[in-house]
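What follows is the content of upload.cif, which has mmCIF, C-alpha atoms:
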```cif
data_entry
loop_
_atom_site.group_PDB
_atom_site.id
_atom_site.type_symbol
_atom_site.label_atom_id
_atom_site.label_comp_id
_atom_site.auth_asym_id
_atom_site.auth_seq_id
_atom_site.Cartn_x
_atom_site.Cartn_y
_atom_site.Cartn_z
ATOM 1 C CA GLN A 1 0.000 0.000 0.000
ATOM 2 C CA VAL A 2 1.206 3.476 -0.894
ATOM 3 C CA GLN A 3 -0.054 6.714 0.617
ATOM 4 C CA LEU A 4 0.180 10.058 -1.146
ATOM 5 C CA VAL A 5 0.111 13.366 0.703
ATOM 6 C CA GLU A 6 -0.190 16.554 -1.297
ATOM 7 C CA SER A 7 0.660 20.016 -0.090
ATOM 8 C CA GLY A 8 1.405 23.495 -1.347
ATOM 9 C CA GLY A 9 -1.983 24.641 -2.570
ATOM 10 C CA GLY A 10 -3.535 27.935 -1.596
ATOM 11 C CA LEU A 11 -4.707 31.335 -2.741
ATOM 12 C CA VAL A 12 -2.456 33.284 -5.091
ATOM 13 C CA GLN A 13 -2.886 36.383 -7.216
ATOM 14 C CA PRO A 14 -2.805 36.183 -11.006
ATOM 15 C CA GLY A 15 0.773 36.071 -12.213
ATOM 16 C CA GLY A 16 1.938 34.438 -9.009
ATOM 17 C CA SER A 17 3.593 31.105 -8.370
ATOM 18 C CA LEU A 18 3.026 28.018 -6.285
ATOM 19 C CA ARG A 19 4.826 24.730 -5.819
ATOM 20 C CA LEU A 20 2.769 21.624 -5.176
ATOM 21 C CA SER A 21 4.345 18.590 -3.537
ATOM 22 C CA CYS A 22 3.211 14.977 -3.529
ATOM 23 C CA ALA A 23 5.004 12.807 -0.989
ATOM 24 C CA ALA A 24 4.610 9.058 -1.325
ATOM 25 C CA SER A 25 5.117 6.666 1.551
ATOM 26 C CA GLY A 26 4.770 2.947 2.065
ATOM 27 C CA SER A 27 6.914 -0.138 2.025
ATOM 28 C CA GLU A 28 9.178 -1.244 -0.777
ATOM 29 C CA PHE A 29 7.826 0.615 -3.748
ATOM 30 C CA SER A 30 9.220 2.632 -6.604
ATOM 31 C CA ILE A 31 7.377 5.207 -8.657
ATOM 32 C CA ASN A 32 7.271 4.557 -12.379
ATOM 33 C CA VAL A 33 5.138 7.334 -13.819
ATOM 34 C CA ALA A 34 3.821 10.312 -11.864
ATOM 35 C CA ARG A 35 1.113 12.669 -13.034
ATOM 36 C CA TRP A 36 -0.690 15.767 -11.867
ATOM 37 C CA TYR A 37 -4.352 16.204 -12.744
ATOM 38 C CA ARG A 38 -6.746 18.992 -11.931
ATOM 39 C CA GLN A 39 -10.485 19.367 -11.726
ATOM 40 C CA ALA A 40 -12.288 22.685 -11.799
ATOM 41 C CA PRO A 41 -15.891 23.026 -10.593
ATOM 42 C CA GLY A 42 -18.293 21.627 -13.145
ATOM 43 C CA LYS A 43 -15.522 20.262 -15.342
ATOM 44 C CA GLU A 44 -13.954 16.875 -15.895
ATOM 45 C CA ARG A 45 -10.624 15.973 -14.385
ATOM 46 C CA GLU A 46 -7.825 16.738 -16.828
ATOM 47 C CA LEU A 47 -4.191 15.720 -17.092
ATOM 48 C CA VAL A 48 -1.856 18.615 -16.421
ATOM 49 C CA ALA A 49 1.617 17.076 -16.494
ATOM 50 C CA ALA A 50 3.410 13.743 -16.362
ATOM 51 C CA ILE A 51 6.943 12.542 -15.712
ATOM 52 C CA THR A 52 8.361 9.088 -16.367
ATOM 53 C CA SER A 53 11.069 7.159 -14.546
ATOM 54 C CA SER A 54 13.530 8.372 -17.190
ATOM 55 C CA TYR A 55 12.470 11.975 -16.544
ATOM 56 C CA ASN A 56 10.594 12.427 -19.805
ATOM 57 C CA THR A 57 7.852 14.977 -19.334
ATOM 58 C CA ASN A 58 4.736 16.102 -21.113
ATOM 59 C CA TYR A 59 2.252 18.866 -20.439
ATOM 60 C CA ALA A 60 -1.223 19.983 -21.312
ATOM 61 C CA ASP A 61 -1.117 22.736 -23.917
ATOM 62 C CA SER A 62 -2.769 25.117 -21.476
ATOM 63 C CA VAL A 63 0.179 24.972 -19.048
ATOM 64 C CA LYS A 64 3.174 24.554 -21.362
ATOM 65 C CA GLY A 65 5.879 27.072 -20.598
ATOM 66 C CA ARG A 66 4.336 27.944 -17.219
ATOM 67 C CA PHE A 67 4.302 24.661 -15.245
ATOM 68 C CA THR A 68 7.163 22.265 -14.594
ATOM 69 C CA ILE A 69 6.855 18.771 -13.190
ATOM 70 C CA SER A 70 9.814 17.252 -11.378
ATOM 71 C CA ARG A 71 10.599 14.341 -9.094
ATOM 72 C CA ASP A 72 13.009 13.448 -6.325
ATOM 73 C CA ASN A 73 13.292 9.686 -6.225
ATOM 74 C CA ALA A 74 15.318 9.691 -3.017
ATOM 75 C CA LYS A 75 12.413 11.395 -1.273
ATOM 76 C CA ASN A 76 9.652 9.645 -3.261
ATOM 77 C CA THR A 77 8.261 13.094 -3.947
ATOM 78 C CA VAL A 78 6.824 14.669 -7.062
ATOM 79 C CA TYR A 79 6.518 18.419 -7.557
ATOM 80 C CA LEU A 80 4.539 20.743 -9.760
ATOM 81 C CA HIS A 81 6.046 24.181 -10.106
ATOM 82 C CA MET A 82 3.413 26.610 -11.321
ATOM 83 C CA ASN A 83 4.350 30.066 -12.589
ATOM 84 C CA SER A 84 2.382 32.871 -14.236
ATOM 85 C CA LEU A 85 -0.803 31.523 -12.731
ATOM 86 C CA LYS A 86 -4.107 32.500 -14.268
ATOM 87 C CA PRO A 87 -7.641 32.465 -12.850
ATOM 88 C CA GLU A 88 -8.420 29.548 -15.162
ATOM 89 C CA ASP A 89 -5.805 27.472 -13.319
ATOM 90 C CA THR A 90 -8.128 27.451 -10.309
ATOM 91 C CA ALA A 91 -8.937 23.832 -9.500
ATOM 92 C CA VAL A 92 -8.316 20.973 -7.140
ATOM 93 C CA TYR A 93 -4.988 19.420 -8.107
ATOM 94 C CA TYR A 94 -4.474 15.693 -7.696
ATOM 95 C CA CYS A 95 -1.317 13.672 -7.720
ATOM 96 C CA ASN A 96 -1.364 10.228 -9.312
ATOM 97 C CA VAL A 97 1.465 7.722 -9.282
ATOM 98 C CA LEU A 98 1.923 4.393 -10.994
ATOM 99 C CA THR A 99 4.300 2.117 -9.136
ATOM 100 C CA TYR A 100 6.225 -0.754 -10.641
ATOM 101 C CA TYR A 101 4.620 -3.590 -8.717
ATOM 102 C CA HIS A 102 1.932 -2.104 -6.503
ATOM 103 C CA GLY A 103 -0.459 -0.461 -8.926
ATOM 104 C CA GLY A 104 -1.621 3.129 -9.071
ATOM 105 C CA TYR A 105 -2.623 5.601 -6.353
ATOM 106 C CA TRP A 106 -4.280 9.002 -6.021
ATOM 107 C CA GLY A 107 -3.679 11.781 -3.571
ATOM 108 C CA GLN A 108 -6.468 13.525 -1.716
ATOM 109 C CA GLY A 109 -6.208 16.716 -3.733
ATOM 110 C CA THR A 110 -5.097 20.233 -2.899
ATOM 111 C CA GLN A 111 -7.013 23.398 -3.753
ATOM 112 C CA VAL A 112 -5.374 26.058 -5.893
ATOM 113 C CA THR A 113 -7.245 29.345 -6.225
ATOM 114 C CA VAL A 114 -5.966 32.123 -8.468
ATOM 115 C CA SER A 115 -7.766 35.356 -7.743
ATOM 116 C CA SER A 116 -7.116 38.991 -7.044
#
```
Please rewrite the model in this file as structure tokens.
Amino acid sequence: QVQLVESGGGLVQPGGSLRLSCAASGSEFSINVARWYRQAPGKERELVAAITSSYNTNYADSVKGRFTISRDNAKNTVYLHMNSLKPEDTAVYYCNVLTYYHGGYWGQGTQVTVSS
């Protein structure tokens, strides 16, 4: 079993920055692929960014050039660095990891609100 704890969400003004963290814990696991999703009120959950075990990344078109996904394998932690935030980035952000032998897991979500 793997537990994911997200942190770093909050209220930020347009143009501001936030860093989300997703810390994974459990016994004897390794993260293969990690992803960040988000879900705004009344909308479907959408993929924001992904990073593989070989550090290949991909991003939704709406966040390219503004968001960066990274990982620290020693800490079993995945990050989402968000710059130049816009009101339309307001959503609950969820971390999702796929482990090598223990399946996939979701975090509980962290609220990001971009507003002046």
Among listed residues A:Thr90, A:Thr77, A:Ala50, A:Thr68, nearest Ser115 in chain A (using all atoms listed in the file):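 Smallest distance to Ser115 in chain A is found for A:Thr90.
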Result set of the PyMOL selection byres ((chain A and resi 86) around 12) on the coordinates above, as a ChimeraX atom specification: /A:11-18,62-63,66-67,82-85,87-91,112-116
Coordinates-based distance that separates CA of Asn96 in chain A from CA of Ser21 in chain A (Å, one decimal): 11.7 Å
Matched chain/residue IDs from the PyMOL selection byres ((chain A and resi 2-10) around 6), as a ChimeraX atom specification: /A:1,11,19-26,107,110-112
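Taking CA of Glu46 in chain A and CA of Asp72 in chain A as the two end points, the separation is 23.6 Å.
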Two-atom distance - CA of Arg45 in chain A, CA of Tyr101 in chain A (Å):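 Going from CA of Arg45 in chain A over to CA of Tyr101 in chain A covers 25.4 Å.
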Near Trp36 in chain A, counting all atoms listed in the file, which residues have an atom at most 7 Å away, once you skip same-chain residues fewer than 2 positions from it, shown as a PDB file with C-alpha atoms, keeping the file's coordinate frame?
```
ATOM      1  CA  ARG A  38      -6.746  18.992 -11.931  1.00  0.00           C
ATOM      2  CA  LEU A  47      -4.191  15.720 -17.092  1.00  0.00           C
ATOM      3  CA  VAL A  48      -1.856  18.615 -16.421  1.00  0.00           C
ATOM      4  CA  ALA A  49       1.617  17.076 -16.494  1.00  0.00           C
ATOM      5  CA  ALA A  50       3.410  13.743 -16.362  1.00  0.00           C
ATOM      6  CA  TYR A  93      -4.988  19.420  -8.107  1.00  0.00           C
ATOM      7  CA  TYR A  94      -4.474  15.693  -7.696  1.00  0.00           C
ATOM      8  CA  CYS A  95      -1.317  13.672  -7.720  1.00  0.00           C
ATOM      9  CA  ASN A  96      -1.364  10.228  -9.312  1.00  0.00           C
TER      10      ASN A  96
END
```
Nearest residue to Gly65 in chain A from the set A:His81, A:Lys43, A:Arg35, A:His102 (distances using only C-alpha atoms):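 Ranking A:His81, A:Lys43, A:Arg35, A:His102 by distance to Gly65 in chain A, first place goes to A:His81.
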Nearest-residue call for Val97 in chain A, choices A:Gln39, A:Ser27, A:Asn58, A:Asn76, using all atoms listed in the file: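 Of A:Gln39, A:Ser27, A:Asn58, A:Asn76, the one nearest Val97 in chain A is A:Asn76, counting all atoms listed in the file.
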